[in-house]
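Next comes start.txt, with compact mmCIF, C-alpha atoms and all ligand atoms.
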# COMPACT_ATOMS: atom_id res chain seq x y z
CA ALA A 89 0.00 0.00 0.00
CA LYS A 90 2.92 2.28 0.78
CA THR A 91 4.42 1.87 -2.69
CA ALA A 92 1.04 2.28 -4.35
CA GLY A 93 0.52 5.43 -2.36
CA LYS A 94 3.94 6.68 -3.41
CA ARG A 95 3.29 5.88 -7.05
CA GLN A 96 -0.02 7.64 -6.91
CA TRP A 97 1.59 10.68 -5.34
CA ARG A 98 4.22 10.85 -8.10
CA LYS A 99 1.66 10.35 -10.79
CA TYR A 100 -0.62 13.14 -9.62
CA GLN A 101 2.00 15.62 -8.48
CA PRO A 102 2.30 17.59 -11.74
CA GLU A 103 -1.45 18.02 -11.96
CA LEU A 104 -1.59 18.94 -8.32
CA GLN A 105 1.07 21.58 -8.84
CA SER A 106 -0.61 23.13 -11.84
CA GLY A 107 -3.84 23.03 -9.86
CA MET A 108 -2.13 24.85 -7.04
CA ALA A 109 -0.57 27.37 -9.40
CA GLU A 110 -3.97 27.96 -10.94
CA ARG A 111 -5.48 28.39 -7.50
CA ALA A 112 -2.76 30.82 -6.51
CA LYS A 113 -3.37 32.84 -9.67
CA LEU A 114 -7.10 32.92 -9.07
CA GLN A 115 -6.51 33.91 -5.45
CA GLU A 116 -4.19 36.71 -6.51
CA GLY A 117 -6.75 37.87 -9.03
CA LEU A 118 -9.43 37.86 -6.36
CA ASP A 119 -7.24 39.76 -3.91
CA ASN A 120 -6.68 42.44 -6.54
CA SER A 121 -10.35 42.77 -7.47
CA PRO A 122 -12.11 45.65 -5.74
CA ILE A 123 -15.50 44.28 -4.81
CA GLU A 124 -17.70 47.16 -5.98
CA THR A 125 -16.31 47.14 -9.51
CA SER A 126 -15.26 43.54 -10.15
CA PHE A 127 -18.30 41.39 -9.48
CA LEU A 128 -21.77 41.03 -10.87
CA VAL A 129 -25.02 39.71 -9.41
CA LEU A 130 -27.37 37.69 -11.61
CA TYR A 131 -30.94 36.78 -10.72
CA GLN A 132 -32.71 33.46 -11.30
CA PRO A 133 -36.51 33.41 -11.04
CA ILE A 134 -38.19 31.19 -8.46
CA VAL A 135 -41.39 30.17 -10.16
CA GLU A 136 -44.82 28.84 -9.17
CA LEU A 137 -44.92 25.41 -10.82
CA THR A 138 -48.56 25.41 -11.89
CA THR A 139 -48.79 28.98 -13.18
CA GLY A 140 -45.26 29.91 -14.26
CA GLN A 141 -45.56 33.16 -12.27
CA ILE A 142 -42.43 34.50 -10.62
CA ALA A 143 -42.56 34.35 -6.82
CA GLY A 144 -39.03 35.56 -6.21
CA PHE A 145 -35.43 35.63 -7.41
CA GLU A 146 -32.21 34.06 -6.17
CA ALA A 147 -29.16 36.32 -6.32
CA LEU A 148 -26.12 34.51 -7.80
CA VAL A 149 -22.73 36.17 -7.90
CA ARG A 150 -20.40 36.15 -10.93
CA TRP A 151 -16.82 37.31 -11.49
CA PRO A 152 -16.44 38.66 -15.03
CA HIS A 153 -12.76 38.28 -15.83
CA SER A 154 -10.79 39.81 -18.71
CA THR A 155 -9.13 36.54 -19.77
CA ARG A 156 -11.10 33.79 -18.03
CA GLY A 157 -14.55 34.95 -19.08
CA MET A 158 -17.41 34.72 -16.63
CA VAL A 159 -15.97 32.92 -13.60
CA LEU A 160 -18.59 30.86 -11.78
CA PRO A 161 -18.95 30.81 -7.98
CA GLU A 162 -17.79 27.19 -7.82
CA GLN A 163 -14.36 28.42 -8.88
CA PHE A 164 -13.98 31.33 -6.45
CA ILE A 165 -16.38 31.12 -3.48
CA THR A 166 -14.19 28.59 -1.66
CA LEU A 167 -11.12 30.77 -2.24
CA ALA A 168 -13.00 33.82 -1.03
CA GLU A 169 -14.05 31.87 2.07
CA GLU A 170 -10.47 30.84 2.78
CA SER A 171 -9.16 34.38 2.46
CA GLY A 172 -12.10 35.92 4.32
CA GLN A 173 -13.00 38.05 1.29
CA ILE A 174 -16.41 36.35 1.28
CA VAL A 175 -17.36 38.56 4.23
CA PRO A 176 -17.24 41.90 2.34
CA LEU A 177 -18.22 40.20 -0.94
CA GLY A 178 -21.28 38.64 0.65
CA ALA A 179 -22.25 41.97 2.22
CA TRP A 180 -21.98 43.62 -1.20
CA VAL A 181 -24.16 40.93 -2.84
CA LEU A 182 -26.75 41.45 -0.10
CA ASP A 183 -26.77 45.23 -0.69
CA GLN A 184 -27.04 44.81 -4.46
CA ALA A 185 -29.74 42.17 -4.28
CA THR A 186 -31.95 43.97 -1.78
CA ALA A 187 -31.70 47.23 -3.74
CA GLU A 188 -32.53 45.40 -6.97
CA ALA A 189 -35.48 43.62 -5.34
CA VAL A 190 -36.93 46.95 -4.26
CA ARG A 191 -36.66 48.22 -7.87
CA MET A 192 -38.45 45.11 -9.15
CA GLN A 193 -41.15 45.43 -6.50
CA THR A 194 -41.70 49.05 -7.45
CA SER A 195 -42.16 48.20 -11.12
CA VAL A 196 -44.60 45.42 -10.26
CA ARG A 197 -46.57 47.81 -8.04
CA HIS A 198 -46.81 50.30 -10.89
CA ASP A 199 -47.99 47.60 -13.28
CA ALA A 200 -51.72 47.02 -13.38
CA SER A 201 -51.56 43.26 -13.85
CA GLY A 202 -51.95 42.37 -10.19
CA ARG A 203 -48.75 40.34 -10.09
CA LYS A 204 -47.18 39.57 -6.73
CA GLU A 205 -44.12 41.51 -5.68
CA PRO A 206 -41.10 39.21 -5.85
CA TYR A 207 -38.97 38.34 -2.85
CA ILE A 208 -35.18 38.04 -2.99
CA SER A 209 -33.13 35.10 -1.81
CA VAL A 210 -29.42 35.56 -1.03
CA ASN A 211 -26.78 32.86 -0.43
CA VAL A 212 -24.81 33.15 2.79
CA SER A 213 -21.62 31.15 3.26
CA PRO A 214 -20.82 29.57 6.64
CA ARG A 215 -17.90 31.92 7.20
CA GLN A 216 -20.11 34.94 6.53
CA PHE A 217 -22.82 33.65 8.84
CA ARG A 218 -20.36 33.05 11.67
CA ASP A 219 -18.84 36.52 11.35
CA ASP A 220 -19.66 38.66 14.39
CA GLU A 221 -20.87 41.53 12.22
CA PHE A 222 -23.30 39.49 10.13
CA TYR A 223 -26.44 40.58 11.98
CA ASN A 224 -25.44 44.23 11.55
CA VAL A 225 -24.67 43.66 7.88
CA VAL A 226 -28.21 42.35 7.37
CA ARG A 227 -29.77 45.20 9.32
CA ARG A 228 -27.77 47.68 7.27
CA ALA A 229 -28.94 46.10 4.01
CA LEU A 230 -32.56 46.31 5.19
CA ASP A 231 -32.12 49.97 6.13
CA LEU A 232 -30.23 50.97 2.99
CA SER A 233 -32.63 49.30 0.58
CA GLY A 234 -35.84 49.84 2.51
CA ILE A 235 -36.92 46.31 1.60
CA GLU A 236 -39.63 44.66 3.70
CA PRO A 237 -37.83 42.10 5.89
CA SER A 238 -40.46 39.52 4.89
CA ALA A 239 -39.26 39.89 1.27
CA LEU A 240 -35.73 38.79 2.15
CA VAL A 241 -34.64 35.15 2.38
CA LEU A 242 -31.17 34.07 3.48
CA GLU A 243 -29.99 30.70 2.15
CA LEU A 244 -27.82 28.65 4.48
CA THR A 245 -26.48 25.15 3.94
CA GLU A 246 -26.89 22.28 6.35
CA SER A 247 -23.19 22.52 7.19
CA VAL A 248 -23.93 25.68 9.21
CA LEU A 249 -26.28 23.70 11.45
CA MET A 250 -24.11 20.64 11.90
CA TYR A 251 -22.84 21.79 15.25
CA ASN A 252 -25.89 22.20 17.40
CA ASP A 253 -24.50 25.40 18.73
CA GLU A 254 -26.47 27.78 20.96
CA ARG A 255 -24.83 30.72 19.24
CA ILE A 256 -26.05 29.63 15.83
CA LEU A 257 -29.60 29.26 17.14
CA ALA A 258 -29.39 32.70 18.79
CA GLU A 259 -28.04 34.27 15.58
CA MET A 260 -30.76 32.71 13.47
CA SER A 261 -33.48 33.73 15.92
CA ALA A 262 -32.20 37.31 15.97
CA LEU A 263 -32.43 37.36 12.16
CA THR A 264 -35.90 35.83 11.97
CA ASP A 265 -37.03 38.26 14.72
CA LEU A 266 -36.30 41.00 12.18
CA GLY A 267 -38.90 39.33 9.95
CA ILE A 268 -36.60 37.79 7.36
CA ARG A 269 -36.85 34.11 6.45
CA ILE A 270 -34.20 31.41 6.38
CA ALA A 271 -33.94 28.72 3.71
CA ILE A 272 -31.87 25.55 3.80
CA ASP A 273 -30.03 25.34 0.48
CA ASP A 274 -29.08 22.05 -1.21
CA PHE A 275 -31.36 20.25 1.23
CA GLY A 276 -30.57 16.56 1.53
CA THR A 277 -26.89 16.73 0.63
CA GLY A 278 -25.50 17.45 4.14
CA TYR A 279 -24.95 14.94 6.88
CA SER A 280 -27.11 16.64 9.43
CA SER A 281 -29.86 14.80 11.26
CA LEU A 282 -33.37 16.02 10.47
CA SER A 283 -34.06 17.10 14.05
CA TYR A 284 -32.61 20.52 13.26
CA LEU A 285 -35.74 21.26 11.24
CA ARG A 286 -37.66 21.50 14.51
CA GLU A 287 -34.93 23.21 16.49
CA PHE A 288 -34.01 26.09 14.18
CA PRO A 289 -36.27 28.83 12.80
CA ILE A 290 -36.32 27.64 9.19
CA SER A 291 -39.05 28.54 6.68
CA ILE A 292 -37.92 27.06 3.37
CA LEU A 293 -36.23 23.88 2.12
CA LYS A 294 -34.57 23.95 -1.27
CA ILE A 295 -34.41 20.41 -2.62
CA ASP A 296 -31.02 19.89 -4.22
CA LYS A 297 -30.81 19.52 -8.00
CA SER A 298 -29.32 16.02 -7.66
CA PHE A 299 -32.69 14.76 -6.36
CA VAL A 300 -34.65 16.60 -9.04
CA ASP A 301 -32.37 15.17 -11.77
CA GLU A 302 -33.27 11.60 -10.78
CA LEU A 303 -36.97 12.32 -10.29
CA GLY A 304 -38.35 10.56 -13.34
CA ARG A 305 -35.79 7.76 -13.34
CA SER A 306 -36.89 5.64 -10.42
CA PRO A 307 -39.87 5.20 -8.08
CA GLU A 308 -37.44 5.43 -5.15
CA GLN A 309 -36.25 8.89 -6.19
CA TYR A 310 -39.84 10.02 -6.67
CA ALA A 311 -40.74 8.70 -3.20
CA LEU A 312 -37.78 10.51 -1.68
CA VAL A 313 -38.72 13.91 -3.10
CA GLU A 314 -42.40 13.29 -2.32
CA GLY A 315 -41.40 12.41 1.23
CA ILE A 316 -39.48 15.68 1.62
CA THR A 317 -42.47 17.59 0.23
CA HIS A 318 -44.91 15.95 2.64
CA LEU A 319 -42.55 16.35 5.58
CA SER A 320 -42.31 20.06 4.75
CA ASP A 321 -46.09 20.38 4.63
CA THR A 322 -46.37 18.73 8.02
CA LEU A 323 -43.73 21.01 9.50
CA GLY A 324 -45.21 24.10 7.82
CA LEU A 325 -42.18 24.65 5.59
CA THR A 326 -42.13 25.82 1.99
CA VAL A 327 -40.36 23.59 -0.54
CA ILE A 328 -38.49 24.80 -3.61
CA ALA A 329 -37.18 22.31 -6.17
CA GLU A 330 -33.82 23.33 -7.63
CA GLY A 331 -32.58 22.62 -11.14
CA VAL A 332 -35.83 21.81 -12.95
CA GLU A 333 -34.88 21.35 -16.59
CA ASN A 334 -37.81 19.59 -18.25
CA VAL A 335 -41.60 19.46 -18.31
CA ARG A 336 -41.64 15.88 -17.00
CA GLN A 337 -39.90 17.02 -13.80
CA GLN A 338 -42.30 19.93 -13.58
CA GLU A 339 -45.33 17.63 -13.87
CA LEU A 340 -43.98 15.13 -11.34
CA LEU A 341 -43.29 17.92 -8.85
CA ILE A 342 -46.79 19.30 -9.33
CA SER A 343 -48.26 15.81 -8.82
CA MET A 344 -46.60 15.51 -5.42
CA GLY A 345 -47.80 18.93 -4.29
CA CYS A 346 -44.57 20.89 -4.67
CA ARG A 347 -45.46 24.50 -5.46
CA LEU A 348 -42.21 26.30 -6.25
CA ALA A 349 -39.17 25.63 -8.41
CA GLN A 350 -36.12 27.09 -10.05
CA GLY A 351 -34.41 25.83 -13.17
CA TYR A 352 -33.36 26.34 -16.74
CA LEU A 353 -36.83 25.18 -17.86
CA PHE A 354 -38.10 28.53 -16.59
CA ALA A 355 -35.05 30.76 -16.81
CA GLU A 356 -31.30 30.80 -16.30
CA PRO A 357 -29.78 33.42 -14.01
CA VAL A 358 -30.11 36.79 -15.81
CA SER A 359 -28.91 40.36 -15.37
CA ALA A 360 -30.86 42.80 -13.20
CA GLU A 361 -32.22 44.50 -16.33
CA GLU A 362 -33.45 41.21 -17.80
CA ALA A 363 -34.91 40.21 -14.45
CA GLU A 364 -36.91 43.43 -14.39
CA GLN A 365 -38.31 42.54 -17.82
CA LEU A 366 -39.04 38.94 -16.86
CA ILE A 367 -41.06 39.97 -13.85
CA LEU A 368 -43.43 41.91 -16.14
CA SER A 369 -43.47 39.25 -18.89
CA PRO A 370 -45.92 36.38 -19.44
CA PRO A 371 -45.55 33.27 -17.26
CA LEU A 372 -42.38 31.21 -17.57
CA GLY A 373 -42.09 27.56 -18.53
CA ARG A 374 -43.63 25.45 -21.22
CA LEU A 375 -46.47 24.00 -19.14
CA ALA A 376 -47.56 27.54 -18.39
CA ASP A 377 -47.38 28.37 -22.14
CA ILE A 378 -49.48 25.35 -23.03
CA ARG A 379 -52.13 26.18 -20.45
CA ALA A 380 -52.17 29.89 -21.25
CA THR A 381 -52.68 29.35 -24.98
CA PRO A 382 -55.08 26.40 -25.43
CA ALA A 383 -56.34 27.79 -28.76
CA LYS A 384 -52.99 27.17 -30.41
CA ARG A 385 -53.00 23.45 -29.69
P1 LIG B 401 -27.04 27.29 -5.21
O1 LIG B 401 -27.29 28.34 -4.21
O2 LIG B 401 -27.57 25.94 -4.95
O3 LIG B 401 -27.59 27.89 -6.57
C1 LIG B 401 -28.14 27.12 -7.60
C2 LIG B 401 -27.14 26.88 -8.71
O4 LIG B 401 -27.73 26.02 -9.68
C3 LIG B 401 -26.73 28.13 -9.47
O5 LIG B 401 -25.39 27.94 -9.90
C4 LIG B 401 -27.67 28.11 -10.67
O6 LIG B 401 -27.19 28.83 -11.77
C5 LIG B 401 -27.71 26.63 -10.95
N1 LIG B 401 -28.94 26.20 -11.65
C6 LIG B 401 -30.19 26.68 -11.52
N2 LIG B 401 -31.06 26.02 -12.30
C7 LIG B 401 -30.34 25.08 -12.95
C8 LIG B 401 -30.68 24.08 -13.93
O7 LIG B 401 -31.82 23.90 -14.33
N3 LIG B 401 -29.66 23.28 -14.37
C9 LIG B 401 -28.38 23.45 -13.93
N4 LIG B 401 -27.45 22.64 -14.42
N5 LIG B 401 -28.03 24.39 -13.02
C10 LIG B 401 -29.00 25.19 -12.54
P2 LIG B 401 -24.29 29.06 -9.74
O8 LIG B 401 -24.88 30.42 -10.00
O9 LIG B 401 -23.11 28.64 -10.55
O10 LIG B 401 -23.95 29.00 -8.20
C11 LIG B 401 -23.37 27.86 -7.64
C12 LIG B 401 -23.32 27.95 -6.15
O11 LIG B 401 -22.45 29.00 -5.72
C13 LIG B 401 -24.65 28.28 -5.52
O12 LIG B 401 -25.44 27.13 -5.44
C14 LIG B 401 -24.22 28.84 -4.19
O13 LIG B 401 -23.96 27.78 -3.28
C15 LIG B 401 -22.93 29.53 -4.53
N6 LIG B 401 -23.18 30.98 -4.67
C16 LIG B 401 -23.66 31.67 -5.71
N7 LIG B 401 -23.75 32.98 -5.43
C17 LIG B 401 -23.31 33.13 -4.16
C18 LIG B 401 -23.16 34.26 -3.26
O14 LIG B 401 -23.49 35.42 -3.58
N8 LIG B 401 -22.67 33.99 -2.02
C19 LIG B 401 -22.32 32.73 -1.61
N9 LIG B 401 -21.85 32.56 -0.38
N10 LIG B 401 -22.47 31.66 -2.42
C20 LIG B 401 -22.96 31.86 -3.67
MG MG B 402 -28.76 29.00 -3.20
MG MG B 403 -28.91 25.00 -3.97
MG MG B 404 -25.80 24.28 -4.90

How does the structure come out when it is put into structure tokens?
Amino acid sequence: AKTAGKRQWRKYQPELQSGMAERAKLQEGLDNSPIETSFLVLYQPIVELTTGQIAGFEALVRWPHSTRGMVLPEQFITLAEESGQIVPLGAWVLDQATAEAVRMQTSVRHDASGRKEPYISVNVSPRQFRDDEFYNVVRRALDLSGIEPSALVLELTESVLMYNDERILAEMSALTDLGIRIAIDDFGTGYSSLSYLREFPISILKIDKSFVDELGRSPEQYALVEGITHLSDTLGLTVIAEGVENVRQQELLISMGCRLAQGYLFAEPVSAEEAEQLILSPPLGRLADIRATPAKR
């Protein structure tokens, strides 16, 4: 085993080194990127499955880069967490997203169609959440934007709740006392026991894309997602299915009583300007199209 380990080490070392060099370059690039001018926030609609109406948007950060193109969060969020840059970056995303949400709500209010004003959902990394100033950062974003606290959702992952820490409960309660809601992102992919769903003030579960992907492929996967949906109903939680890409998934989710979803079937993450247009456009998704235009069929 020792020799095999050694061989493996030798074999992978060059790749590892170029990986590390690449990481170091990305890190340097991040360190030299002023937050206010270097990043971009895109918005993906969260849609009512049966009507295609937009209920809210998720804010998703991007790093437009002169030579690398649009760098996705997968490639830099971990680095930003390690360096601590996620703290100011996350605060900036929160400010941008809440301000943008207020603009979208204003245009919906001025539109006569009777659409609902969208809420905004913002990802919060564990490091950001554990930062002592986080509560103040959220309060500041509420004050600066003037957004109704009930129109703001913070997305946390199960990893934040893994340690059943009194401080985490106190922090979450302080935030929900402001009137904002907390969602568990990528639900089902962490190792946490389910008891936290009772213990923490959580309003929303976002079912991870990996479950949605497998939805039509096996009765077991269907039962799993249906189980999560029913559990949520019982506990009074809202469920959002992530990564819905086809009408079959949409129909299966509707059949199990899931009301909300996000996915390329409805819309990819778009710029603030496009999001403002989408919110005033006809319903999203093909099922909604089919139902809205029966004469054409
Ligand atoms: P997430 O919060 O689970 O966000 C959903 C991800 O799935 C987004 O990727 C979105 O573009 C993608 N997605 C949505 N619908 C579909 C679909 O139908 N098919 C496929 N293949 N993908 C879909 P994105 O924007 O690359 O973000 C990846 C992750 O990075 C996010 O996962 C989130 O954990 C993190 N992230 C993004 N923005 C922020 C941020 O501002 N702060 C922090 N801390 N994390 C962020
Ligand atoms: Mg998310
Ligand atoms: Mg997710
Ligand atoms: Mg994810």

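Distance cut-off 10 Å, centre (-49.8, 20.6, -4.2), atoms counted all atoms listed in the file; the residues meeting this are Leu137, Thr138, Thr317, His318, Asp321, Leu341, Ile342, Ser343, Met344, Gly345, Cys346, Arg347 and Leu348 of chain A.
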
For the selection you just gave me, I'd like the residues written to a file as a PDB file, in the frame of the given file, keeping C-alpha atoms.
ATOM      1  CA  LEU A 137     -44.920  25.410 -10.820  1.00  0.00           C
ATOM      2  CA  THR A 138     -48.560  25.410 -11.890  1.00  0.00           C
ATOM      3  CA  THR A 317     -42.470  17.590   0.230  1.00  0.00           C
ATOM      4  CA  HIS A 318     -44.910  15.950   2.640  1.00  0.00           C
ATOM      5  CA  ASP A 321     -46.090  20.380   4.630  1.00  0.00           C
ATOM      6  CA  LEU A 341     -43.290  17.920  -8.850  1.00  0.00           C
ATOM      7  CA  ILE A 342     -46.790  19.300  -9.330  1.00  0.00           C
ATOM      8  CA  SER A 343     -48.260  15.810  -8.820  1.00  0.00           C
ATOM      9  CA  MET A 344     -46.600  15.510  -5.420  1.00  0.00           C
ATOM     10  CA  GLY A 345     -47.800  18.930  -4.290  1.00  0.00           C
ATOM     11  CA  CYS A 346     -44.570  20.890  -4.670  1.00  0.00           C
ATOM     12  CA  ARG A 347     -45.460  24.500  -5.460  1.00  0.00           C
ATOM     13  CA  LEU A 348     -42.210  26.300  -6.250  1.00  0.00           C
TER      14      LEU A 348
END

Legend entry - Neighbour list for A:Ile367 as a PyMOL selection string, cut-off 10 Å, all atoms listed in the file, skip fewer than 6 positions in-chain: chain A and resi 133+141-145+192-193+195-196+203-206

Legend entry - Distance query A:Glu169 at most 9 Å, only C-alpha atoms, self and fewer than 5 positions along chain excluded, as a PyMOL selection string: chain A and resi 164+174-175+213-216

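For the residues A:His198, A:Arg227, A:Arg286, A:Lys294, ranking by smallest atom-to-atom distance to A:Asp265 using all atoms listed in the file places A:Arg227 first.
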
Inset, instruction - Return as JSON, numbers by chain every polymer residue, whether protein, DNA or RNA, with at least one atom no more than 10 Å from an atom of ligand MG 402 (chain B); count all atoms listed in the file. - result: {"A": [146, 147, 148, 209, 210, 211, 212, 213, 242, 243, 244, 245, 271, 272, 273, 274, 294, 296, 330]}

Would you write out those residues with C-alpha atoms, as a short mmCIF file (atom, residue, chain, number, x, y, z; two decimals), in the frame of the given file?
data_model
loop_
_atom_site.label_atom_id
_atom_site.label_comp_id
_atom_site.auth_asym_id
_atom_site.auth_seq_id
_atom_site.Cartn_x
_atom_site.Cartn_y
_atom_site.Cartn_z
CA GLU A 146 -32.21 34.06 -6.17
CA ALA A 147 -29.16 36.32 -6.32
CA LEU A 148 -26.12 34.51 -7.80
CA SER A 209 -33.13 35.10 -1.81
CA VAL A 210 -29.42 35.56 -1.03
CA ASN A 211 -26.78 32.86 -0.43
CA VAL A 212 -24.81 33.15 2.79
CA SER A 213 -21.62 31.15 3.26
CA LEU A 242 -31.17 34.07 3.48
CA GLU A 243 -29.99 30.70 2.15
CA LEU A 244 -27.82 28.65 4.48
CA THR A 245 -26.48 25.15 3.94
CA ALA A 271 -33.94 28.72 3.71
CA ILE A 272 -31.87 25.55 3.80
CA ASP A 273 -30.03 25.34 0.48
CA ASP A 274 -29.08 22.05 -1.21
CA LYS A 294 -34.57 23.95 -1.27
CA ASP A 296 -31.02 19.89 -4.22
CA GLU A 330 -33.82 23.33 -7.63
#

Inset, instruction - Compare A:Glu361, A:Glu221, A:Ala185, A:Leu160 by their minimum atom-to-atom distance to ligand MG 404 (chain B), counting all atoms listed in the file, and give me the closest one. - result: A:Leu160

Inset, instruction - Find the residues near A:Ser233: any atom within 12 Å, counting all atoms listed in the file, skip ones fewer than 6 places away on the same chain, and give them as a PyMOL selection string. - result: chain A and resi 182-191+193+226-227+239-240

Quick one: residues within 9 Å of A:Ala355, all atoms listed in the file, excluding same-chain residues fewer than 5 positions away - as a short mmCIF file (atom, residue, chain, number, x, y, z; two decimals) with C-alpha atoms, in the coordinates of the input?
data_model
loop_
_atom_site.label_atom_id
_atom_site.label_comp_id
_atom_site.auth_asym_id
_atom_site.auth_seq_id
_atom_site.Cartn_x
_atom_site.Cartn_y
_atom_site.Cartn_z
CA GLN A 132 -32.71 33.46 -11.30
CA PRO A 133 -36.51 33.41 -11.04
CA ILE A 134 -38.19 31.19 -8.46
CA GLN A 350 -36.12 27.09 -10.05
CA LEU A 372 -42.38 31.21 -17.57
CA GLY A 373 -42.09 27.56 -18.53
#

Inset, instruction - May I ask for the distance between atom N5 of ligand LIG 401 (chain B) and atom CA of A:Gly331, given in Å to one decimal place? - result: 5.2 Å
